[in-house]
>>> print(open('coords.csv').read())   # CSV, N, CA and C atoms
chain,number,residue,atom,x,y,z
A,1,MET,N,-1.2,126.5,-37.9
A,1,MET,CA,0.1,126.2,-37.2
A,1,MET,C,-0.2,126.0,-35.7
A,2,ARG,N,-1.1,126.8,-35.2
A,2,ARG,CA,-1.4,126.7,-33.8
A,2,ARG,C,-2.0,125.3,-33.4
A,3,TRP,N,-2.9,124.8,-34.3
A,3,TRP,CA,-3.6,123.5,-34.1
A,3,TRP,C,-2.6,122.4,-34.1
A,4,ILE,N,-1.6,122.5,-35.0
A,4,ILE,CA,-0.6,121.4,-35.0
A,4,ILE,C,0.2,121.3,-33.7
A,5,ILE,N,0.5,122.4,-33.1
A,5,ILE,CA,1.2,122.4,-31.9
A,5,ILE,C,0.3,121.9,-30.8
A,6,VAL,N,-1.0,122.3,-30.8
A,6,VAL,CA,-1.9,121.7,-29.8
A,6,VAL,C,-2.1,120.2,-30.0
A,7,PHE,N,-2.2,119.8,-31.2
A,7,PHE,CA,-2.4,118.3,-31.5
A,7,PHE,C,-1.2,117.5,-31.0
A,8,PHE,N,0.0,118.0,-31.2
A,8,PHE,CA,1.2,117.2,-30.8
A,8,PHE,C,1.4,117.3,-29.2
A,9,ALA,N,1.0,118.4,-28.6
A,9,ALA,CA,1.0,118.5,-27.2
A,9,ALA,C,0.1,117.5,-26.5
A,10,VAL,N,-1.1,117.4,-27.1
A,10,VAL,CA,-2.1,116.5,-26.6
A,10,VAL,C,-1.6,115.1,-26.8
A,11,LEU,N,-1.0,114.8,-28.0
A,11,LEU,CA,-0.5,113.5,-28.3
A,11,LEU,C,0.5,113.1,-27.2
A,12,VAL,N,1.4,114.0,-26.9
A,12,VAL,CA,2.5,113.7,-25.9
A,12,VAL,C,1.8,113.4,-24.5
A,13,LEU,N,0.8,114.1,-24.1
A,13,LEU,CA,0.1,113.9,-22.9
A,13,LEU,C,-0.6,112.5,-22.9
A,14,VAL,N,-1.3,112.2,-24.0
A,14,VAL,CA,-2.0,111.0,-24.1
A,14,VAL,C,-1.1,109.8,-24.0
A,15,ILE,N,0.1,109.9,-24.6
A,15,ILE,CA,1.1,108.8,-24.6
A,15,ILE,C,1.6,108.6,-23.1
A,16,GLY,N,1.8,109.8,-22.4
A,16,GLY,CA,2.3,109.7,-21.1
A,16,GLY,C,1.2,109.1,-20.1
A,17,PHE,N,0.0,109.4,-20.3
A,17,PHE,CA,-1.1,108.9,-19.4
A,17,PHE,C,-1.8,107.6,-20.0
A,18,MET,N,-1.2,107.0,-21.0
A,18,MET,CA,-1.8,105.8,-21.6
A,18,MET,C,-2.2,104.7,-20.6
A,19,PRO,N,-1.3,104.3,-19.7
A,19,PRO,CA,-1.8,103.2,-18.7
A,19,PRO,C,-3.0,103.6,-18.0
A,20,THR,N,-3.2,104.8,-17.6
A,20,THR,CA,-4.4,105.3,-16.8
A,20,THR,C,-5.6,105.3,-17.8
A,21,LEU,N,-5.4,105.8,-19.0
A,21,LEU,CA,-6.5,106.0,-19.9
A,21,LEU,C,-7.0,104.7,-20.5
A,22,ARG,N,-6.2,103.6,-20.4
A,22,ARG,CA,-6.7,102.3,-20.9
A,22,ARG,C,-7.8,101.8,-20.0
A,23,ARG,N,-7.8,102.2,-18.8
A,23,ARG,CA,-8.9,101.8,-17.9
A,23,ARG,C,-10.3,102.3,-18.4
A,24,PHE,N,-10.3,103.4,-19.1
A,24,PHE,CA,-11.5,104.0,-19.6
A,24,PHE,C,-11.7,103.7,-21.1
A,25,GLY,N,-10.9,102.8,-21.7
A,25,GLY,CA,-11.1,102.3,-23.0
A,25,GLY,C,-10.4,103.1,-24.1
A,26,LEU,N,-9.7,104.2,-23.7
A,26,LEU,CA,-8.9,104.9,-24.7
A,26,LEU,C,-7.6,104.2,-25.0
A,27,GLY,N,-7.1,104.3,-26.2
A,27,GLY,CA,-5.9,103.6,-26.6
A,27,GLY,C,-6.2,102.3,-27.3
A,28,ARG,N,-7.5,101.9,-27.3
A,28,ARG,CA,-7.9,100.7,-28.0
A,28,ARG,C,-9.0,101.0,-29.1
A,29,LEU,N,-9.1,102.3,-29.5
A,29,LEU,CA,-10.1,102.7,-30.5
A,29,LEU,C,-9.6,102.3,-31.9
A,30,PRO,N,-10.5,102.1,-32.8
A,30,PRO,CA,-10.1,102.0,-34.2
A,30,PRO,C,-9.4,103.3,-34.6
A,31,GLY,N,-8.2,103.2,-35.2
A,31,GLY,CA,-7.5,104.3,-35.6
A,31,GLY,C,-6.2,104.5,-34.7
A,32,ASP,N,-6.2,103.8,-33.6
A,32,ASP,CA,-5.0,103.8,-32.7
A,32,ASP,C,-4.1,102.8,-33.3
A,33,ILE,N,-2.8,103.1,-33.4
A,33,ILE,CA,-1.8,102.2,-34.0
A,33,ILE,C,-1.0,101.6,-32.9
A,34,TYR,N,-0.8,100.3,-33.0
A,34,TYR,CA,0.0,99.6,-32.1
A,34,TYR,C,0.7,98.4,-32.8
A,35,PHE,N,2.0,98.4,-32.7
A,35,PHE,CA,2.7,97.3,-33.3
A,35,PHE,C,4.0,97.0,-32.5
A,36,LYS,N,4.5,95.8,-32.7
A,36,LYS,CA,5.8,95.3,-32.1
A,36,LYS,C,6.9,95.1,-33.1
A,37,ILE,N,8.0,95.6,-32.8
A,37,ILE,CA,9.2,95.4,-33.6
A,37,ILE,C,10.3,94.8,-32.7
A,38,GLY,N,10.4,93.5,-32.8
A,38,GLY,CA,11.3,92.8,-31.9
A,38,GLY,C,10.9,92.9,-30.5
A,39,ARG,N,11.7,93.5,-29.6
A,39,ARG,CA,11.4,93.7,-28.2
A,39,ARG,C,10.7,95.0,-28.0
A,40,PHE,N,10.6,95.9,-28.9
A,40,PHE,CA,10.0,97.2,-28.7
A,40,PHE,C,8.5,97.2,-29.1
A,41,GLU,N,7.7,97.9,-28.3
A,41,GLU,CA,6.3,98.1,-28.6
A,41,GLU,C,6.1,99.5,-28.9
A,42,VAL,N,5.4,99.8,-30.0
A,42,VAL,CA,5.2,101.2,-30.4
A,42,VAL,C,3.7,101.5,-30.4
A,43,GLU,N,3.3,102.5,-29.7
A,43,GLU,CA,1.9,102.9,-29.6
A,43,GLU,C,1.7,104.3,-30.1
A,44,ILE,N,0.8,104.5,-31.1
A,44,ILE,CA,0.5,105.8,-31.6
A,44,ILE,C,-1.0,106.0,-31.5
A,45,PRO,N,-1.5,106.6,-30.4
A,45,PRO,CA,-3.0,106.8,-30.2
A,45,PRO,C,-3.6,107.9,-31.0
A,46,LEU,N,-3.7,107.8,-32.3
A,46,LEU,CA,-4.2,108.9,-33.1
A,46,LEU,C,-5.7,109.2,-32.8
A,47,MET,N,-6.5,108.2,-32.8
A,47,MET,CA,-8.0,108.5,-32.6
A,47,MET,C,-8.3,108.9,-31.2
A,48,SER,N,-7.6,108.3,-30.2
A,48,SER,CA,-7.8,108.8,-28.8
A,48,SER,C,-7.3,110.2,-28.7
A,49,THR,N,-6.3,110.6,-29.3
A,49,THR,CA,-5.8,112.0,-29.3
A,49,THR,C,-6.8,113.0,-29.9
A,50,LEU,N,-7.4,112.6,-31.0
A,50,LEU,CA,-8.4,113.4,-31.6
A,50,LEU,C,-9.6,113.6,-30.8
A,51,ILE,N,-10.1,112.5,-30.1
A,51,ILE,CA,-11.2,112.6,-29.3
A,51,ILE,C,-10.9,113.5,-28.0
A,52,LEU,N,-9.8,113.3,-27.4
A,52,LEU,CA,-9.5,114.1,-26.2
A,52,LEU,C,-9.3,115.6,-26.6
A,53,ALA,N,-8.7,115.8,-27.8
A,53,ALA,CA,-8.5,117.2,-28.2
A,53,ALA,C,-9.9,117.9,-28.5
A,54,ALA,N,-10.8,117.1,-29.0
A,54,ALA,CA,-12.2,117.7,-29.3
A,54,ALA,C,-12.9,117.9,-27.9
A,55,VAL,N,-12.7,117.0,-27.0
A,55,VAL,CA,-13.4,117.2,-25.7
A,55,VAL,C,-12.8,118.5,-25.0
A,56,ILE,N,-11.4,118.6,-25.0
A,56,ILE,CA,-10.8,119.7,-24.4
A,56,ILE,C,-11.2,121.0,-25.1
A,57,MET,N,-11.4,121.0,-26.4
A,57,MET,CA,-11.8,122.2,-27.1
A,57,MET,C,-13.2,122.6,-26.8
A,58,ILE,N,-14.1,121.6,-26.6
A,58,ILE,CA,-15.5,121.9,-26.2
A,58,ILE,C,-15.5,122.5,-24.8
A,59,VAL,N,-14.8,121.9,-23.9
A,59,VAL,CA,-14.8,122.4,-22.5
A,59,VAL,C,-14.2,123.8,-22.5
A,60,ALA,N,-13.2,124.1,-23.3
A,60,ALA,CA,-12.5,125.4,-23.3
A,60,ALA,C,-13.5,126.5,-23.9
A,61,LYS,N,-14.3,126.1,-24.9
A,61,LYS,CA,-15.3,127.0,-25.4
A,61,LYS,C,-16.4,127.3,-24.4
A,62,ILE,N,-16.8,126.3,-23.6
A,62,ILE,CA,-17.8,126.5,-22.6
A,62,ILE,C,-17.3,127.4,-21.5
A,63,LEU,N,-16.1,127.2,-21.1
A,63,LEU,CA,-15.6,128.0,-20.0
A,63,LEU,C,-15.1,129.4,-20.5
>>> encode(input="coords.csv", output="structure tokens")
Amino acid sequence: MRWIIVFFAVLVLVIGFMPTLRRFGLGRLPGDIYFKIGRFEVEIPLMSTLILAAVIMIVAKIL
């Protein structure tokens, strides 16, 4: 249950910082979902979220 909360918290952060993260190549990875419905654009950065969560977990273990 705890990992689900962490996963969704990181997902919200990634979506919020998506314009900045695109400069580093995140948000364009295979597994990131992007589609347009009429005028609306929907982005779901699943793979980017998993990679950032793994990096955060490794840094937390080291510290």
>>> closest_residue(input="coords.csv", among="A:Ile58, A:Thr20, A:Arg2, A:Gly27", to="A:Ile44", atoms="only N, CA and C atoms")
A:Gly27
>>> atom_distance(input="coords.csv", atom1="atom CA of A:Phe7", atom2="atom CA of A:Val55")
12.5 Å
>>> residues_near_point(input="coords.csv", point="(-9.0, 107.8, -38.5)", cutoff="6.5 Å", atoms="all atoms listed in the file", output="PyMOL selection string")
chain A and resi 30-31+47
>>> residues_around(input="coords.csv", residues="A:Val14", least_positions_apart="6", cutoff="8 Å", atoms="all atoms listed in the file", output="list in words")
Phe8, Leu21, Pro45, Ser48 and Thr49 of chain A
>>> atom_distance(input="coords.csv", atom1="atom N of A:Met57", atom2="atom C of A:Phe35")
29.2 Å
>>> decode(input="coords.csv", residues="stretch 23-37 of chain A", atoms="N, CA and C atoms", output="mmCIF file, in the first residue's frame")
data_model
loop_
_atom_site.group_PDB
_atom_site.id
_atom_site.type_symbol
_atom_site.label_atom_id
_atom_site.label_comp_id
_atom_site.auth_asym_id
_atom_site.auth_seq_id
_atom_site.Cartn_x
_atom_site.Cartn_y
_atom_site.Cartn_z
ATOM 1 N N ARG A 23 13.641 18.521 -21.219
ATOM 2 C CA ARG A 23 14.987 18.944 -21.648
ATOM 3 C C ARG A 23 16.001 17.836 -21.445
ATOM 4 N N PHE A 24 15.746 16.945 -20.457
ATOM 5 C CA PHE A 24 16.664 15.856 -20.142
ATOM 6 C C PHE A 24 16.248 14.538 -20.785
ATOM 7 N N GLY A 25 15.196 14.553 -21.603
ATOM 8 C CA GLY A 25 14.770 13.365 -22.325
ATOM 9 C C GLY A 25 13.684 12.561 -21.638
ATOM 10 N N LEU A 26 13.287 12.946 -20.444
ATOM 11 C CA LEU A 26 12.209 12.225 -19.765
ATOM 12 C C LEU A 26 10.872 12.664 -20.338
ATOM 13 N N GLY A 27 9.929 11.750 -20.386
ATOM 14 C CA GLY A 27 8.627 12.036 -20.964
ATOM 15 C C GLY A 27 8.528 11.594 -22.405
ATOM 16 N N ARG A 28 9.631 11.130 -22.939
ATOM 17 C CA ARG A 28 9.645 10.637 -24.318
ATOM 18 C C ARG A 28 10.128 9.197 -24.380
ATOM 19 N N LEU A 29 10.142 8.526 -23.257
ATOM 20 C CA LEU A 29 10.629 7.158 -23.194
ATOM 21 C C LEU A 29 9.565 6.186 -23.691
ATOM 22 N N PRO A 30 9.994 5.011 -24.179
ATOM 23 C CA PRO A 30 8.995 3.993 -24.508
ATOM 24 C C PRO A 30 8.245 3.611 -23.230
ATOM 25 N N GLY A 31 6.967 3.593 -23.279
ATOM 26 C CA GLY A 31 6.157 3.309 -22.096
ATOM 27 C C GLY A 31 5.451 4.547 -21.581
ATOM 28 N N ASP A 32 5.873 5.725 -22.016
ATOM 29 C CA ASP A 32 5.170 6.965 -21.689
ATOM 30 C C ASP A 32 4.023 7.117 -22.679
ATOM 31 N N ILE A 33 2.852 7.412 -22.169
ATOM 32 C CA ILE A 33 1.652 7.468 -23.000
ATOM 33 C C ILE A 33 1.308 8.932 -23.283
ATOM 34 N N TYR A 34 1.075 9.229 -24.548
ATOM 35 C CA TYR A 34 0.691 10.571 -24.981
ATOM 36 C C TYR A 34 -0.335 10.428 -26.089
ATOM 37 N N PHE A 35 -1.463 11.101 -25.941
ATOM 38 C CA PHE A 35 -2.458 11.099 -27.011
ATOM 39 C C PHE A 35 -3.282 12.372 -26.950
ATOM 40 N N LYS A 36 -3.918 12.677 -28.076
ATOM 41 C CA LYS A 36 -4.753 13.865 -28.217
ATOM 42 C C LYS A 36 -6.192 13.448 -28.423
ATOM 43 N N ILE A 37 -7.087 14.128 -27.690
ATOM 44 C CA ILE A 37 -8.522 13.929 -27.873
ATOM 45 C C ILE A 37 -9.101 15.302 -28.167
#
